[in-house]
Amino acid sequence: MNKALPEIKEDISQLGHMLKEEKDARLKERIHALYLIKSKQAKNRTSVANMLSKHRTTIGIWLNTYKNKGITGLLTIETHSNRKSSIPPDVLEKLKEKLEEPKGFRGYKSIQIWISNQFGIDVPYKTLHGIVRYRLKAKPKIGRKSHIKKMSKKA
């Protein structure tokens with residue numbers, strides 16, 4: 001059974017502009033699907049799927065999302081991470097407090113050692129770096145003391 005294509009509310013020139021401006025390839029494909037339908041280049045979901053090299057079910061999901069949530073819903077890609085964090089929330093909170101102290105840490109390796117000694121958790125360096133630098137938005141390194149230039153003796 002062929003389901004009817006939803007009515008595309010956006011103007012074809014507007015879709016063309018959105019297609020040119022979009023940087024994310026996944027979102028660009030979704031806009032392109034709407035463009036193909038609006039410009040009457042595709043007559044059904046299967047022809048859209050063939051033109052975009054996607055499965056017809058994927059196109060159906062996109063079009064149902066567009067029908068129910070509009071263009072903003074279609075252009076929202078939801079991600080759900082089922083992975084547990086390497087560092088439990090209570091340890092993360094204590095790390096955050098420790099990073100705010102003026103003394104801080106010498107580097108990521110010293111944080112790694114501190115977590116291992118205090119909580120018995122072995123966190124890989126790369127994981128720890130990502131959490132501290134990008135999630136906590138912190139830099140563990142302490143500024144170095146500036147050296148005093150020695151006066152050169154001229155004879």
# chains A, B, ... in the order shown; residues from 1 in each chain; ligands from 1
call {"tool": "closest_atom_pairs", "arguments": {"of": "region 67-147 of chain A", "to": "region 20-40 of chain A", "cutoff": "9 Å", "atoms": "only C-alpha atoms", "output": "JSON lines"}}
result
{"residue": "A:Ile71", "atom": "CA", "partner": "A:Ile31", "partner_atom": "CA", "distance": 8.6}
{"residue": "A:Leu74", "atom": "CA", "partner": "A:Arg30", "partner_atom": "CA", "distance": 7.3}
{"residue": "A:Leu75", "atom": "CA", "partner": "A:Leu27", "partner_atom": "CA", "distance": 5.9}
{"residue": "A:Thr76", "atom": "CA", "partner": "A:Leu27", "partner_atom": "CA", "distance": 8.3}
{"residue": "A:Ile77", "atom": "CA", "partner": "A:Leu27", "partner_atom": "CA", "distance": 8.2}
call {"tool": "write_last_selection", "arguments": {"atoms": "N, CA and C atoms", "output": "PDB file, in the first residue's frame"}}
result
ATOM      1  N   ILE A  71       9.100  21.004  10.058  1.00  0.00           N
ATOM      2  CA  ILE A  71      10.493  21.058   9.603  1.00  0.00           C
ATOM      3  C   ILE A  71      11.474  21.047  10.783  1.00  0.00           C
ATOM      4  N   LEU A  74      11.816  17.530  11.989  1.00  0.00           N
ATOM      5  CA  LEU A  74      12.572  16.728  11.028  1.00  0.00           C
ATOM      6  C   LEU A  74      14.067  17.000  11.138  1.00  0.00           C
ATOM      7  N   LEU A  75      14.407  18.251  11.413  1.00  0.00           N
ATOM      8  CA  LEU A  75      15.821  18.634  11.464  1.00  0.00           C
ATOM      9  C   LEU A  75      16.423  18.500  12.860  1.00  0.00           C
ATOM     10  N   THR A  76      15.732  17.803  13.756  1.00  0.00           N
ATOM     11  CA  THR A  76      16.270  17.519  15.083  1.00  0.00           C
ATOM     12  C   THR A  76      16.618  16.044  15.138  1.00  0.00           C
ATOM     13  N   ILE A  77      17.893  15.761  15.316  1.00  0.00           N
ATOM     14  CA  ILE A  77      18.343  14.374  15.423  1.00  0.00           C
ATOM     15  C   ILE A  77      18.591  14.095  16.895  1.00  0.00           C
TER      16      ILE A  77
END
call {"tool": "closest_residue", "arguments": {"among": "A:Gly73, A:Leu136, A:Trp62, A:Lys84", "to": "Glu97 (chain A)", "atoms": "only C-alpha atoms"}}
result
A:Leu136
call {"tool": "residues_around", "arguments": {"residues": "Leu99 (chain A)", "least_positions_apart": "5", "cutoff": "12 Å", "atoms": "only C-alpha atoms", "output": "list of chain:residue names"}}
result
A:Leu92, A:Glu93, A:Lys94, A:Gly104, A:Phe105, A:Arg106, A:Gly107, A:Tyr108, A:Ser110, A:Ile111, A:Trp114, A:Val132, A:Arg133, A:Leu136, A:Lys137, A:Ala138, A:Lys139, A:Pro140, A:Lys141, A:Ile142
call {"tool": "write_last_selection", "arguments": {"atoms": "N, CA and C atoms", "output": "JSON list (two decimals), in the first residue's frame"}}
result
[["chain", "number", "residue", "atom", "x", "y", "z"],
["A", 92, "LEU", "N", 32.77, 12.48, 40.35],
["A", 92, "LEU", "CA", 32.86, 13.62, 39.43],
["A", 92, "LEU", "C", 32.68, 14.93, 40.18],
["A", 93, "GLU", "N", 31.79, 14.95, 41.13],
["A", 93, "GLU", "CA", 31.55, 16.16, 41.93],
["A", 93, "GLU", "C", 32.78, 16.51, 42.78],
["A", 94, "LYS", "N", 33.40, 15.48, 43.38],
["A", 94, "LYS", "CA", 34.60, 15.71, 44.19],
["A", 94, "LYS", "C", 35.76, 16.17, 43.32],
["A", 104, "GLY", "N", 45.17, 22.89, 42.69],
["A", 104, "GLY", "CA", 44.84, 22.09, 41.51],
["A", 104, "GLY", "C", 45.71, 20.86, 41.34],
["A", 105, "PHE", "N", 45.91, 20.46, 40.10],
["A", 105, "PHE", "CA", 46.71, 19.31, 39.74],
["A", 105, "PHE", "C", 47.82, 19.75, 38.80],
["A", 106, "ARG", "N", 48.85, 18.93, 38.70],
["A", 106, "ARG", "CA", 49.95, 19.23, 37.78],
["A", 106, "ARG", "C", 49.57, 18.90, 36.34],
["A", 107, "GLY", "N", 48.69, 17.94, 36.17],
["A", 107, "GLY", "CA", 48.27, 17.55, 34.83],
["A", 107, "GLY", "C", 47.25, 16.43, 34.90],
["A", 108, "TYR", "N", 46.88, 15.91, 33.74],
["A", 108, "TYR", "CA", 45.87, 14.87, 33.67],
["A", 108, "TYR", "C", 46.35, 13.57, 34.32],
["A", 110, "SER", "N", 48.26, 13.30, 36.93],
["A", 110, "SER", "CA", 48.11, 13.41, 38.38],
["A", 110, "SER", "C", 46.64, 13.27, 38.80],
["A", 111, "ILE", "N", 45.71, 13.69, 37.95],
["A", 111, "ILE", "CA", 44.29, 13.49, 38.23],
["A", 111, "ILE", "C", 43.99, 11.99, 38.19],
["A", 114, "TRP", "N", 45.25, 10.45, 41.31],
["A", 114, "TRP", "CA", 44.42, 10.86, 42.45],
["A", 114, "TRP", "C", 43.11, 10.06, 42.50],
["A", 132, "VAL", "N", 37.37, 15.95, 31.84],
["A", 132, "VAL", "CA", 37.85, 17.16, 32.52],
["A", 132, "VAL", "C", 37.83, 18.36, 31.59],
["A", 133, "ARG", "N", 38.36, 18.20, 30.40],
["A", 133, "ARG", "CA", 38.52, 19.33, 29.48],
["A", 133, "ARG", "C", 37.20, 19.79, 28.87],
["A", 136, "LEU", "N", 33.68, 19.12, 32.07],
["A", 136, "LEU", "CA", 33.83, 20.02, 33.22],
["A", 136, "LEU", "C", 34.39, 21.38, 32.83],
["A", 137, "LYS", "N", 34.88, 21.49, 31.60],
["A", 137, "LYS", "CA", 35.46, 22.74, 31.08],
["A", 137, "LYS", "C", 36.54, 23.28, 32.01],
["A", 138, "ALA", "N", 37.46, 22.39, 32.39],
["A", 138, "ALA", "CA", 38.53, 22.77, 33.30],
["A", 138, "ALA", "C", 39.89, 22.43, 32.69],
["A", 139, "LYS", "N", 40.88, 23.12, 33.15],
["A", 139, "LYS", "CA", 42.26, 22.84, 32.76],
["A", 139, "LYS", "C", 43.03, 22.59, 34.05],
["A", 140, "PRO", "N", 43.59, 21.40, 34.20],
["A", 140, "PRO", "CA", 44.21, 21.07, 35.48],
["A", 140, "PRO", "C", 45.56, 21.72, 35.72],
["A", 141, "LYS", "N", 46.23, 22.14, 34.69],
["A", 141, "LYS", "CA", 47.60, 22.61, 34.85],
["A", 141, "LYS", "C", 47.67, 23.94, 35.58],
["A", 142, "ILE", "N", 48.66, 24.03, 36.45],
["A", 142, "ILE", "CA", 48.91, 25.24, 37.21],
["A", 142, "ILE", "C", 49.90, 26.08, 36.41]]
call {"tool": "residues_around", "arguments": {"residues": "Ser116 (chain A)", "least_positions_apart": "6", "cutoff": "12 Å", "atoms": "only C-alpha atoms", "output": "ChimeraX atom specification"}}
result
/A:87,91,95,109-110,122-125,128
call {"tool": "select_by_dssp", "arguments": {"residues": "region 7-52 of chain A", "states": "alpha helix (DSSP H)", "output": "MDAnalysis selection string"}}
result
chainID A and resid 12:21 25:38 45:52
call {"tool": "write_last_selection", "arguments": {"atoms": "N, CA and C atoms", "output": "CSV table (one decimal), in the first residue's frame"}}
result
chain,number,residue,atom,x,y,z
A,12,ILE,N,9.6,26.0,-2.4
A,12,ILE,CA,10.7,25.3,-3.1
A,12,ILE,C,12.0,26.1,-3.0
A,13,SER,N,11.8,27.4,-3.2
A,13,SER,CA,13.0,28.3,-3.1
A,13,SER,C,13.6,28.3,-1.7
A,14,GLN,N,12.7,28.2,-0.7
A,14,GLN,CA,13.2,28.2,0.7
A,14,GLN,C,13.9,26.8,1.0
A,15,LEU,N,13.4,25.7,0.5
A,15,LEU,CA,14.0,24.4,0.6
A,15,LEU,C,15.4,24.4,-0.1
A,16,GLY,N,15.4,25.0,-1.3
A,16,GLY,CA,16.7,25.1,-2.0
A,16,GLY,C,17.7,25.9,-1.2
A,17,HIS,N,17.3,27.0,-0.6
A,17,HIS,CA,18.2,27.8,0.2
A,17,HIS,C,18.7,27.0,1.4
A,18,MET,N,17.8,26.3,2.1
A,18,MET,CA,18.1,25.5,3.3
A,18,MET,C,19.1,24.4,2.9
A,19,LEU,N,18.9,23.8,1.7
A,19,LEU,CA,19.7,22.7,1.2
A,19,LEU,C,21.2,23.2,0.9
A,20,LYS,N,21.3,24.5,0.4
A,20,LYS,CA,22.6,25.0,0.2
A,20,LYS,C,23.3,25.4,1.5
A,21,GLU,N,22.6,25.9,2.5
A,21,GLU,CA,23.1,26.4,3.7
A,21,GLU,C,23.5,25.3,4.7
A,25,ALA,N,25.4,16.6,6.8
A,25,ALA,CA,25.0,15.7,5.7
A,25,ALA,C,23.7,15.0,6.0
A,26,ARG,N,23.5,14.6,7.3
A,26,ARG,CA,22.3,13.9,7.6
A,26,ARG,C,21.0,14.8,7.5
A,27,LEU,N,21.2,16.0,7.9
A,27,LEU,CA,20.1,16.9,7.8
A,27,LEU,C,19.8,17.4,6.3
A,28,LYS,N,20.9,17.4,5.6
A,28,LYS,CA,20.9,17.8,4.2
A,28,LYS,C,20.0,16.8,3.4
A,29,GLU,N,20.2,15.5,3.7
A,29,GLU,CA,19.4,14.4,3.1
A,29,GLU,C,18.0,14.6,3.3
A,30,ARG,N,17.6,15.0,4.6
A,30,ARG,CA,16.2,15.1,4.9
A,30,ARG,C,15.6,16.3,4.2
A,31,ILE,N,16.3,17.4,4.1
A,31,ILE,CA,15.8,18.5,3.3
A,31,ILE,C,15.7,18.2,1.9
A,32,HIS,N,16.7,17.4,1.4
A,32,HIS,CA,16.7,17.0,-0.1
A,32,HIS,C,15.4,16.1,-0.4
A,33,ALA,N,15.0,15.3,0.6
A,33,ALA,CA,13.8,14.5,0.4
A,33,ALA,C,12.6,15.4,0.2
A,34,LEU,N,12.5,16.4,1.1
A,34,LEU,CA,11.4,17.3,0.9
A,34,LEU,C,11.4,18.1,-0.4
A,35,TYR,N,12.6,18.5,-0.8
A,35,TYR,CA,12.8,19.2,-2.0
A,35,TYR,C,12.4,18.3,-3.2
A,36,LEU,N,12.7,17.0,-3.2
A,36,LEU,CA,12.3,16.2,-4.3
A,36,LEU,C,10.8,16.0,-4.4
A,37,ILE,N,10.2,16.0,-3.3
A,37,ILE,CA,8.7,15.8,-3.3
A,37,ILE,C,8.1,17.1,-3.7
A,38,LYS,N,8.5,18.3,-3.2
A,38,LYS,CA,7.9,19.6,-3.5
A,38,LYS,C,8.1,19.9,-5.0
A,45,ARG,N,7.3,7.5,-1.9
A,45,ARG,CA,8.4,7.3,-1.0
A,45,ARG,C,9.5,6.4,-1.6
A,46,THR,N,9.1,5.4,-2.4
A,46,THR,CA,10.1,4.5,-3.0
A,46,THR,C,11.0,5.3,-3.9
A,47,SER,N,10.4,6.2,-4.7
A,47,SER,CA,11.3,6.9,-5.7
A,47,SER,C,12.2,7.9,-4.9
A,48,VAL,N,11.7,8.5,-3.8
A,48,VAL,CA,12.6,9.3,-3.0
A,48,VAL,C,13.8,8.5,-2.4
A,49,ALA,N,13.4,7.3,-1.9
A,49,ALA,CA,14.4,6.4,-1.4
A,49,ALA,C,15.5,6.0,-2.4
A,50,ASN,N,15.0,5.7,-3.6
A,50,ASN,CA,16.0,5.4,-4.7
A,50,ASN,C,16.9,6.5,-5.1
A,51,MET,N,16.3,7.7,-5.1
A,51,MET,CA,17.1,8.9,-5.5
A,51,MET,C,18.2,9.2,-4.4
A,52,LEU,N,17.8,9.0,-3.1
A,52,LEU,CA,18.7,9.3,-2.0
A,52,LEU,C,19.6,8.1,-1.6
call {"tool": "atom_distance", "arguments": {"atom1": "CA of Lys3 (chain A)", "atom2": "CA of His80 (chain A)"}}
result
29.3 Å
